[in-house]
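Shown next: coords16.tsv, containing TSV, C-alpha atoms and all ligand atoms.
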```
chain	number	residue	atom	x	y	z
A	1014	MET	CA	-36.81	282.47	-17.10
A	1015	ASN	CA	-34.10	283.94	-19.33
A	1016	GLY	CA	-31.53	282.53	-21.70
A	1017	PHE	CA	-31.50	279.28	-23.63
A	1018	CYS	CA	-34.74	277.88	-22.18
A	1019	ASP	CA	-36.73	281.11	-22.54
A	1020	LEU	CA	-40.11	280.44	-24.20
A	1021	THR	CA	-41.52	283.96	-23.87
A	1022	GLY	CA	-44.36	284.58	-26.30
A	1023	LYS	CA	-44.57	280.98	-27.54
A	1024	THR	CA	-47.91	279.20	-27.77
A	1025	ALA	CA	-47.98	275.64	-26.45
A	1026	ILE	CA	-50.67	272.97	-26.58
A	1027	VAL	CA	-50.48	270.51	-23.68
A	1028	THR	CA	-52.89	267.57	-23.67
A	1029	GLY	CA	-54.09	266.17	-20.35
A	1030	ALA	CA	-53.20	269.43	-18.61
A	1031	ASN	CA	-55.68	269.12	-15.73
A	1032	THR	CA	-53.63	266.82	-13.49
A	1033	GLY	CA	-50.41	264.87	-12.94
A	1034	ILE	CA	-47.52	265.15	-15.34
A	1035	GLY	CA	-49.47	267.23	-17.90
A	1036	GLN	CA	-50.37	269.81	-15.27
A	1037	ALA	CA	-46.73	270.07	-14.16
A	1038	ILE	CA	-45.63	270.44	-17.79
A	1039	ALA	CA	-48.18	273.21	-18.38
A	1040	VAL	CA	-46.95	275.05	-15.28
A	1041	GLY	CA	-43.31	274.50	-16.25
A	1042	LEU	CA	-43.76	275.79	-19.80
A	1043	ALA	CA	-45.71	278.78	-18.46
A	1044	GLY	CA	-42.87	279.45	-16.03
A	1045	ALA	CA	-40.54	279.63	-19.03
A	1046	GLY	CA	-42.86	282.19	-20.64
A	1047	ALA	CA	-45.12	280.16	-22.93
A	1048	ASN	CA	-48.87	280.72	-23.15
A	1049	ILE	CA	-50.70	277.43	-22.66
A	1050	ALA	CA	-53.68	275.91	-24.41
A	1051	GLY	CA	-54.59	273.06	-22.08
A	1052	VAL	CA	-56.54	270.25	-23.72
A	1053	GLY	CA	-58.56	267.76	-21.70
A	1054	ARG	CA	-61.87	266.25	-20.76
A	1055	SER	CA	-61.83	267.36	-17.09
A	1056	ASP	CA	-61.94	270.75	-15.37
A	1057	MET	CA	-58.64	272.61	-15.74
A	1058	SER	CA	-59.24	275.46	-13.29
A	1059	GLN	CA	-56.58	274.14	-10.87
A	1060	THR	CA	-53.97	274.34	-13.65
A	1061	ALA	CA	-55.16	277.84	-14.58
A	1062	GLU	CA	-54.76	278.87	-10.92
A	1063	MET	CA	-51.26	277.39	-10.70
A	1064	ILE	CA	-50.22	279.28	-13.84
A	1065	GLY	CA	-51.76	282.46	-12.47
A	1066	GLU	CA	-50.07	285.58	-13.78
A	1067	LYS	CA	-47.11	283.69	-15.25
A	1068	ALA	CA	-48.76	283.28	-18.68
A	1069	ASP	CA	-52.10	283.17	-20.50
A	1070	PHE	CA	-54.09	279.96	-20.25
A	1071	LEU	CA	-56.86	278.67	-22.50
A	1072	ALA	CA	-58.84	275.56	-21.52
A	1073	ILE	CA	-59.99	273.47	-24.49
A	1074	ASN	CA	-62.51	270.84	-23.52
A	1075	ALA	CA	-61.86	267.74	-25.62
A	1076	ASP	CA	-62.09	263.98	-25.25
A	1077	LEU	CA	-59.19	262.43	-27.14
A	1078	ALA	CA	-60.78	258.98	-27.22
A	1079	THR	CA	-61.84	259.87	-30.78
A	1080	LEU	CA	-60.46	262.05	-33.56
A	1081	ASP	CA	-63.56	264.29	-33.53
A	1082	PRO	CA	-62.11	267.22	-31.51
A	1083	ILE	CA	-58.78	267.45	-33.34
A	1084	GLY	CA	-59.71	270.10	-35.90
A	1085	ARG	CA	-61.37	272.18	-33.20
A	1086	ILE	CA	-58.31	271.99	-30.90
A	1087	VAL	CA	-56.09	273.38	-33.64
A	1088	ASP	CA	-58.61	276.04	-34.74
A	1089	GLN	CA	-59.26	277.27	-31.18
A	1090	THR	CA	-55.54	277.46	-30.41
A	1091	LEU	CA	-54.76	279.35	-33.61
A	1092	GLU	CA	-57.59	281.80	-33.03
A	1093	TRP	CA	-56.42	282.41	-29.45
A	1094	GLY	CA	-52.64	282.25	-29.83
A	1095	GLY	CA	-52.12	283.25	-33.45
A	1096	GLY	CA	-49.87	280.23	-34.03
A	1097	ILE	CA	-48.72	276.97	-32.47
A	1098	ASP	CA	-45.05	276.73	-31.49
A	1099	ILE	CA	-45.12	273.73	-29.16
A	1100	LEU	CA	-47.17	270.55	-28.86
A	1101	VAL	CA	-46.82	268.30	-25.83
A	1102	ASN	CA	-48.69	265.02	-26.28
A	1103	ASN	CA	-49.16	264.00	-22.66
A	1104	ALA	CA	-52.70	262.59	-22.37
A	1105	GLY	CA	-52.62	258.86	-21.85
A	1106	ILE	CA	-54.41	255.99	-20.18
A	1107	ILE	CA	-53.51	252.55	-18.88
A	1108	ARG	CA	-55.57	249.36	-18.43
A	1109	ARG	CA	-54.33	246.46	-16.31
A	1110	ALA	CA	-55.13	242.76	-16.81
A	1111	ASP	CA	-53.18	239.57	-17.51
A	1112	ALA	CA	-52.38	239.27	-21.21
A	1113	ILE	CA	-54.31	236.00	-21.36
A	1114	ASP	CA	-57.53	237.73	-20.28
A	1115	PHE	CA	-56.99	241.14	-21.92
A	1116	SER	CA	-60.11	242.45	-23.68
A	1117	GLU	CA	-60.48	244.08	-27.08
A	1118	ALA	CA	-62.12	247.06	-25.36
A	1119	ASP	CA	-59.04	247.61	-23.15
A	1120	TRP	CA	-56.79	247.20	-26.17
A	1121	ASP	CA	-58.70	249.74	-28.29
A	1122	ALA	CA	-59.26	252.32	-25.53
A	1123	VAL	CA	-55.54	252.60	-24.81
A	1124	MET	CA	-54.38	252.55	-28.42
A	1125	ASP	CA	-56.98	255.18	-29.41
A	1126	VAL	CA	-55.85	257.75	-26.81
A	1127	ASN	CA	-52.14	256.94	-26.50
A	1128	LEU	CA	-51.33	256.45	-30.18
A	1129	LYS	CA	-54.12	257.14	-32.70
A	1130	SER	CA	-55.38	260.51	-31.42
A	1131	LEU	CA	-51.80	261.48	-30.61
A	1132	PHE	CA	-50.69	260.84	-34.19
A	1133	PHE	CA	-53.56	262.69	-35.83
A	1134	LEU	CA	-53.34	265.68	-33.47
A	1135	THR	CA	-49.62	265.83	-34.23
A	1136	GLN	CA	-50.35	265.68	-37.97
A	1137	ALA	CA	-52.92	268.49	-37.67
A	1138	VAL	CA	-50.52	270.70	-35.69
A	1139	ALA	CA	-47.60	269.94	-37.99
A	1140	ARG	CA	-49.64	271.19	-40.95
A	1141	HIS	CA	-49.28	274.62	-39.32
A	1142	MET	CA	-45.68	274.22	-38.19
A	1143	LEU	CA	-44.25	272.91	-41.45
A	1144	PRO	CA	-45.05	275.95	-43.62
A	1145	ARG	CA	-43.39	278.17	-40.97
A	1146	GLY	CA	-40.37	275.90	-40.74
A	1147	SER	CA	-40.32	275.73	-36.94
A	1148	GLY	CA	-41.91	273.90	-34.04
A	1149	LYS	CA	-41.27	271.65	-31.07
A	1150	ILE	CA	-43.17	268.44	-30.45
A	1151	VAL	CA	-42.63	266.40	-27.28
A	1152	ASN	CA	-44.34	263.07	-26.73
A	1153	ILE	CA	-44.69	261.60	-23.26
A	1154	ALA	CA	-43.42	258.06	-23.59
A	1155	SER	CA	-42.68	255.63	-20.74
A	1156	LEU	CA	-40.26	253.05	-19.39
A	1157	LEU	CA	-42.57	250.74	-21.35
A	1158	SER	CA	-41.11	252.34	-24.48
A	1159	PHE	CA	-37.97	250.35	-23.55
A	1160	GLN	CA	-39.20	247.48	-21.39
A	1161	GLY	CA	-42.01	244.93	-21.43
A	1162	GLY	CA	-43.72	245.35	-18.10
A	1163	ILE	CA	-46.49	243.02	-16.92
A	1164	ARG	CA	-50.32	243.11	-17.15
A	1165	ILE	CA	-50.39	246.18	-19.40
A	1166	PRO	CA	-50.21	244.81	-22.97
A	1167	SER	CA	-51.94	247.68	-24.77
A	1168	TYR	CA	-50.02	250.28	-22.76
A	1169	THR	CA	-46.67	248.69	-23.57
A	1170	ALA	CA	-47.64	248.38	-27.24
A	1171	SER	CA	-48.74	252.02	-27.35
A	1172	LYS	CA	-45.66	253.42	-25.61
A	1173	SER	CA	-43.24	251.23	-27.59
A	1174	GLY	CA	-45.08	252.36	-30.72
A	1175	LEU	CA	-44.77	255.96	-29.57
A	1176	ALA	CA	-40.98	255.66	-29.38
A	1177	GLY	CA	-40.94	254.45	-32.98
A	1178	LEU	CA	-43.36	257.13	-34.09
A	1179	THR	CA	-41.21	259.80	-32.42
A	1180	ARG	CA	-38.22	258.61	-34.44
A	1181	LEU	CA	-40.18	258.41	-37.71
A	1182	LEU	CA	-41.57	261.93	-37.34
A	1183	ALA	CA	-38.10	263.23	-36.44
A	1184	CYS	CA	-36.70	261.66	-39.61
A	1185	GLU	CA	-39.44	263.26	-41.76
A	1186	TRP	CA	-39.47	266.71	-40.16
A	1187	ALA	CA	-35.98	267.38	-38.71
A	1188	GLY	CA	-34.87	268.88	-42.02
A	1189	LYS	CA	-37.93	271.11	-42.01
A	1190	GLY	CA	-37.22	272.88	-38.73
A	1191	ILE	CA	-39.39	270.77	-36.45
A	1192	ASN	CA	-37.96	268.93	-33.46
A	1193	VAL	CA	-39.82	265.76	-32.47
A	1194	ASN	CA	-38.63	264.11	-29.28
A	1195	ALA	CA	-40.03	262.21	-26.32
A	1196	VAL	CA	-39.58	262.17	-22.57
A	1197	ALA	CA	-39.93	258.81	-20.86
A	1198	PRO	CA	-40.94	259.25	-17.22
A	1199	GLY	CA	-40.07	256.58	-14.71
A	1200	TYR	CA	-42.39	255.84	-11.79
A	1201	VAL	CA	-44.18	259.11	-11.02
A	1202	ALA	CA	-46.83	259.57	-8.33
A	1203	THR	CA	-50.04	260.37	-10.27
A	1204	ASN	CA	-53.51	258.87	-10.83
A	1205	ASN	CA	-51.94	256.62	-13.48
A	1206	THR	CA	-49.82	254.80	-10.88
A	1207	LYS	CA	-52.17	254.86	-7.87
A	1208	ALA	CA	-52.90	251.12	-8.19
A	1209	LEU	CA	-49.17	250.34	-7.90
A	1210	ARG	CA	-48.65	252.61	-4.89
A	1211	ASP	CA	-51.72	251.11	-3.20
A	1212	ASP	CA	-50.22	247.60	-3.48
A	1213	PRO	CA	-47.62	247.45	-0.66
A	1214	ALA	CA	-45.64	244.57	-2.22
A	1215	ARG	CA	-45.43	246.21	-5.68
A	1216	ASN	CA	-44.68	249.59	-4.12
A	1217	THR	CA	-41.74	248.22	-2.12
A	1218	ALA	CA	-40.39	246.28	-5.11
A	1219	ILE	CA	-40.53	249.41	-7.27
A	1220	VAL	CA	-38.91	251.78	-4.76
A	1221	ASP	CA	-36.16	249.25	-3.98
A	1222	ARG	CA	-35.23	249.12	-7.68
A	1223	ILE	CA	-35.09	252.90	-8.28
A	1224	PRO	CA	-31.48	254.11	-7.80
A	1225	ALA	CA	-32.77	257.50	-6.61
A	1226	GLY	CA	-34.69	255.60	-3.91
A	1227	HIS	CA	-38.10	257.25	-4.30
A	1228	TRP	CA	-41.00	257.83	-6.69
A	1229	GLY	CA	-40.75	260.81	-9.04
A	1230	GLN	CA	-43.08	263.78	-8.70
A	1231	PRO	CA	-44.81	265.36	-11.74
A	1232	LYS	CA	-42.57	268.44	-11.53
A	1233	ASP	CA	-39.52	266.17	-11.95
A	1234	ILE	CA	-40.63	265.62	-15.56
A	1235	SER	CA	-41.35	269.20	-16.59
A	1236	GLY	CA	-37.75	270.47	-16.74
A	1237	ALA	CA	-36.83	267.95	-19.44
A	1238	VAL	CA	-39.90	268.98	-21.46
A	1239	VAL	CA	-39.11	272.70	-21.15
A	1240	PHE	CA	-35.56	271.96	-22.30
A	1241	LEU	CA	-36.73	269.96	-25.35
A	1242	CYS	CA	-39.16	272.79	-26.26
A	1243	SER	CA	-36.39	275.39	-26.12
A	1244	ALA	CA	-33.61	276.62	-28.39
A	1245	ALA	CA	-31.18	274.67	-26.20
A	1246	ALA	CA	-32.48	271.50	-27.87
A	1247	ASP	CA	-32.50	272.72	-31.48
A	1248	TYR	CA	-30.16	269.93	-32.64
A	1249	ILE	CA	-31.93	267.14	-30.74
A	1250	HIS	CA	-34.20	265.04	-32.96
A	1251	GLY	CA	-35.85	261.68	-32.31
A	1252	ALA	CA	-34.53	261.25	-28.79
A	1253	VAL	CA	-36.47	259.37	-26.12
A	1254	LEU	CA	-35.09	260.87	-22.91
A	1255	PRO	CA	-35.61	258.83	-19.73
A	1256	VAL	CA	-36.38	260.85	-16.58
A	1257	ASP	CA	-36.57	257.91	-14.24
A	1258	GLY	CA	-34.40	258.26	-11.12
A	1259	GLY	CA	-31.91	255.91	-12.80
A	1260	TRP	CA	-34.32	252.97	-13.33
A	1261	LEU	CA	-33.07	252.13	-16.84
A	1262	ALA	CA	-29.44	252.45	-15.80
A	1263	ARG	CA	-29.83	249.65	-13.31
B	1	LIG	P1	-52.88	260.90	-15.03
B	1	LIG	O1	-52.78	261.71	-13.80
B	1	LIG	O2	-53.85	259.77	-15.11
B	1	LIG	O3	-53.08	261.90	-16.25
B	1	LIG	C1	-53.45	261.46	-17.54
B	1	LIG	C2	-53.97	262.65	-18.29
B	1	LIG	O4	-54.46	262.23	-19.58
B	1	LIG	C3	-55.15	263.30	-17.56
B	1	LIG	O5	-55.15	264.67	-17.76
B	1	LIG	C4	-56.32	262.65	-18.28
B	1	LIG	O6	-57.53	263.35	-18.14
B	1	LIG	C5	-55.80	262.69	-19.71
B	1	LIG	N1	-56.61	261.84	-20.54
B	1	LIG	C6	-56.80	260.50	-20.46
B	1	LIG	N2	-57.69	260.11	-21.37
B	1	LIG	C7	-58.09	261.22	-22.05
B	1	LIG	C8	-59.00	261.45	-23.09
B	1	LIG	N3	-59.73	260.47	-23.63
B	1	LIG	N4	-59.18	262.72	-23.54
B	1	LIG	C9	-58.47	263.73	-22.99
B	1	LIG	N5	-57.59	263.57	-21.99
B	1	LIG	C10	-57.40	262.32	-21.53
B	1	LIG	O7	-51.48	260.23	-15.32
B	1	LIG	P2	-50.03	260.83	-15.57
B	1	LIG	O8	-49.12	259.90	-14.88
B	1	LIG	O9	-49.95	262.27	-15.30
B	1	LIG	O10	-49.90	260.54	-17.13
B	1	LIG	C11	-49.49	261.50	-18.07
B	1	LIG	C12	-48.71	260.82	-19.17
B	1	LIG	O11	-47.49	260.31	-18.60
B	1	LIG	C13	-49.42	259.62	-19.78
B	1	LIG	O12	-49.19	259.58	-21.17
B	1	LIG	C14	-48.75	258.45	-19.09
B	1	LIG	O13	-48.81	257.27	-19.86
B	1	LIG	C15	-47.34	258.96	-18.97
B	1	LIG	N6	-46.51	258.27	-17.99
B	1	LIG	C16	-46.81	258.30	-16.66
B	1	LIG	C17	-45.97	257.64	-15.78
B	1	LIG	C18	-46.21	257.63	-14.30
B	1	LIG	O14	-45.47	256.96	-13.59
B	1	LIG	N7	-47.18	258.35	-13.78
B	1	LIG	C19	-44.85	256.97	-16.24
B	1	LIG	C20	-44.59	256.97	-17.60
B	1	LIG	C21	-45.41	257.63	-18.46
B	1	LIG	P3	-58.55	262.92	-16.97
B	1	LIG	O15	-58.00	263.45	-15.69
B	1	LIG	O16	-59.83	263.59	-17.39
B	1	LIG	O17	-58.64	261.43	-16.98
```

Can you turn what I pasted into structure tokens?
Ligand code: NAP
Amino acid sequence: MNGFCDLTGKTAIVTGANTGIGQAIAVGLAGAGANIAGVGRSDMSQTAEMIGEKADFLAINADLATLDPIGRIVDQTLEWGGGIDILVNNAGIIRRADAIDFSEADWDAVMDVNLKSLFFLTQAVARHMLPRGSGKIVNIASLLSFQGGIRIPSYTASKSGLAGLTRLLACEWAGKGINVNAVAPGYVATNNTKALRDDPARNTAIVDRIPAGHWGQPKDISGAVVFLCSAAADYIHGAVLPVDGGWLAR
């Protein structure tokens, strides 16, 4: 890819790069020329195959349920790539139960991955970006950054919190050459949403409400991320960009 969205020679960390939206983002960034350090707890060989000759790929095995691997993720990426230009915080989980029955374990598990590890990985990466005065950070938010949803209290809290965190970090770092933004996917066909697609009534209700008339695919999200990681988005700070087939416009 040439021009404004060219990422040739950049080093990007993408969390949750083994499947779904994170895999599509890794492939999209690689297509724009970036070398990818994929971070995750599952095998990433499929992503490596999809990237193929487009770019270099490093798999970093890490479980983001705790902060333990964060220093290692940064060290391994720096040793391999020589720097970190891009961080895409994609890894996330969801737990479903009525609010009245929701457990502390389901609260903590979601908050730990979706918000706590995300913040401290971002902090660790920013400690390398700030002295250089450049970097792009993209958080994967959600429609639940804007709306309430049902039966997903910790997920909604984490994604609404992530929208606020995106804006706070943008305010602190925009003047220091770092762009912090978020992409908010609508309903995308991945493991995360399998339970919804498997429920015929919910599936019909969802599709009927999407102006585009169909579920998104993971690759529908990657273009917005590539754009926000590129020079084309240098003056965009603290935005939470919906990529949702028009859901929020309805
Ligand atoms: P997914 O297929 O379930 O992918 C989630 C990714 O996060 C996987 O790579 C998963 O690894 C990784 N992950 C989860 N817990 C982890 C942990 N403790 N340590 C390391 N990696 C971990 O779902 P997805 O839809 O692609 O989700 C990607 C992001 O998009 C999430 O932040 C999600 O909230 C967000 N999102 C999705 C939708 C949607 O409609 N699909 C809509 C809005 C936002 P494993 O495969 O090993 O579990």

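Candidate residues A:Asp1098, A:Asp1221, A:Asp1257, A:Asp1069 were compared for distance to Ala1237 of chain A, and the nearest is A:Asp1257, using only C-alpha atoms.
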
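Using all atoms listed in the file for every distance, the candidate list A:Ala1043, A:Ala1202, A:Leu1143, A:Leu1071 yields A:Ala1202 as the residue closest to ligand LIG 1 (chain B).
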
Checklist entry - Do you know which residues are at most 9 Å from Lys1129 of chain A counting all atoms listed in the file, after dropping those on the same chain fewer than 5 positions away, and could you put them as a count of residues only? => result 5

Next on the checklist: Residues contacting ligand LIG 1 (chain B) - anything with an atom at most 8 Å away, using only C-alpha atoms and all ligand atoms - can you give me those as number ranges by chain?
Outcome noted: A: 1028-1036, 1052-1056, 1075-1079, 1102-1107, 1126-1127, 1153-1157, 1168, 1172, 1197-1206, 1229, 1231

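Across the structure, atom CA of Glu1117 of chain A and atom CA of Leu1178 of chain A are spaced 22.6 Å apart.
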
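Here atom CA of Ala1252 of chain A is placed at a distance of 5.0 Å from atom CA of Asn1194 of chain A.
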
Checklist entry - Could you state the separation of atom CA of Leu1091 of chain A and atom CA of Leu1042 of chain A in Å, given to one decimal place? => result 18.0 Å

Item to check | Spatial neighbours of Phe1115 of chain A, 9 Å, all atoms listed in the file, chain gap at least 3 places, as a list in words | outcome: Arg1109, Ala1110, Asp1111, Ala1112, Ala1118, Asp1119, Trp1120, Arg1164, Ile1165, Pro1166 and Ser1167 of chain A
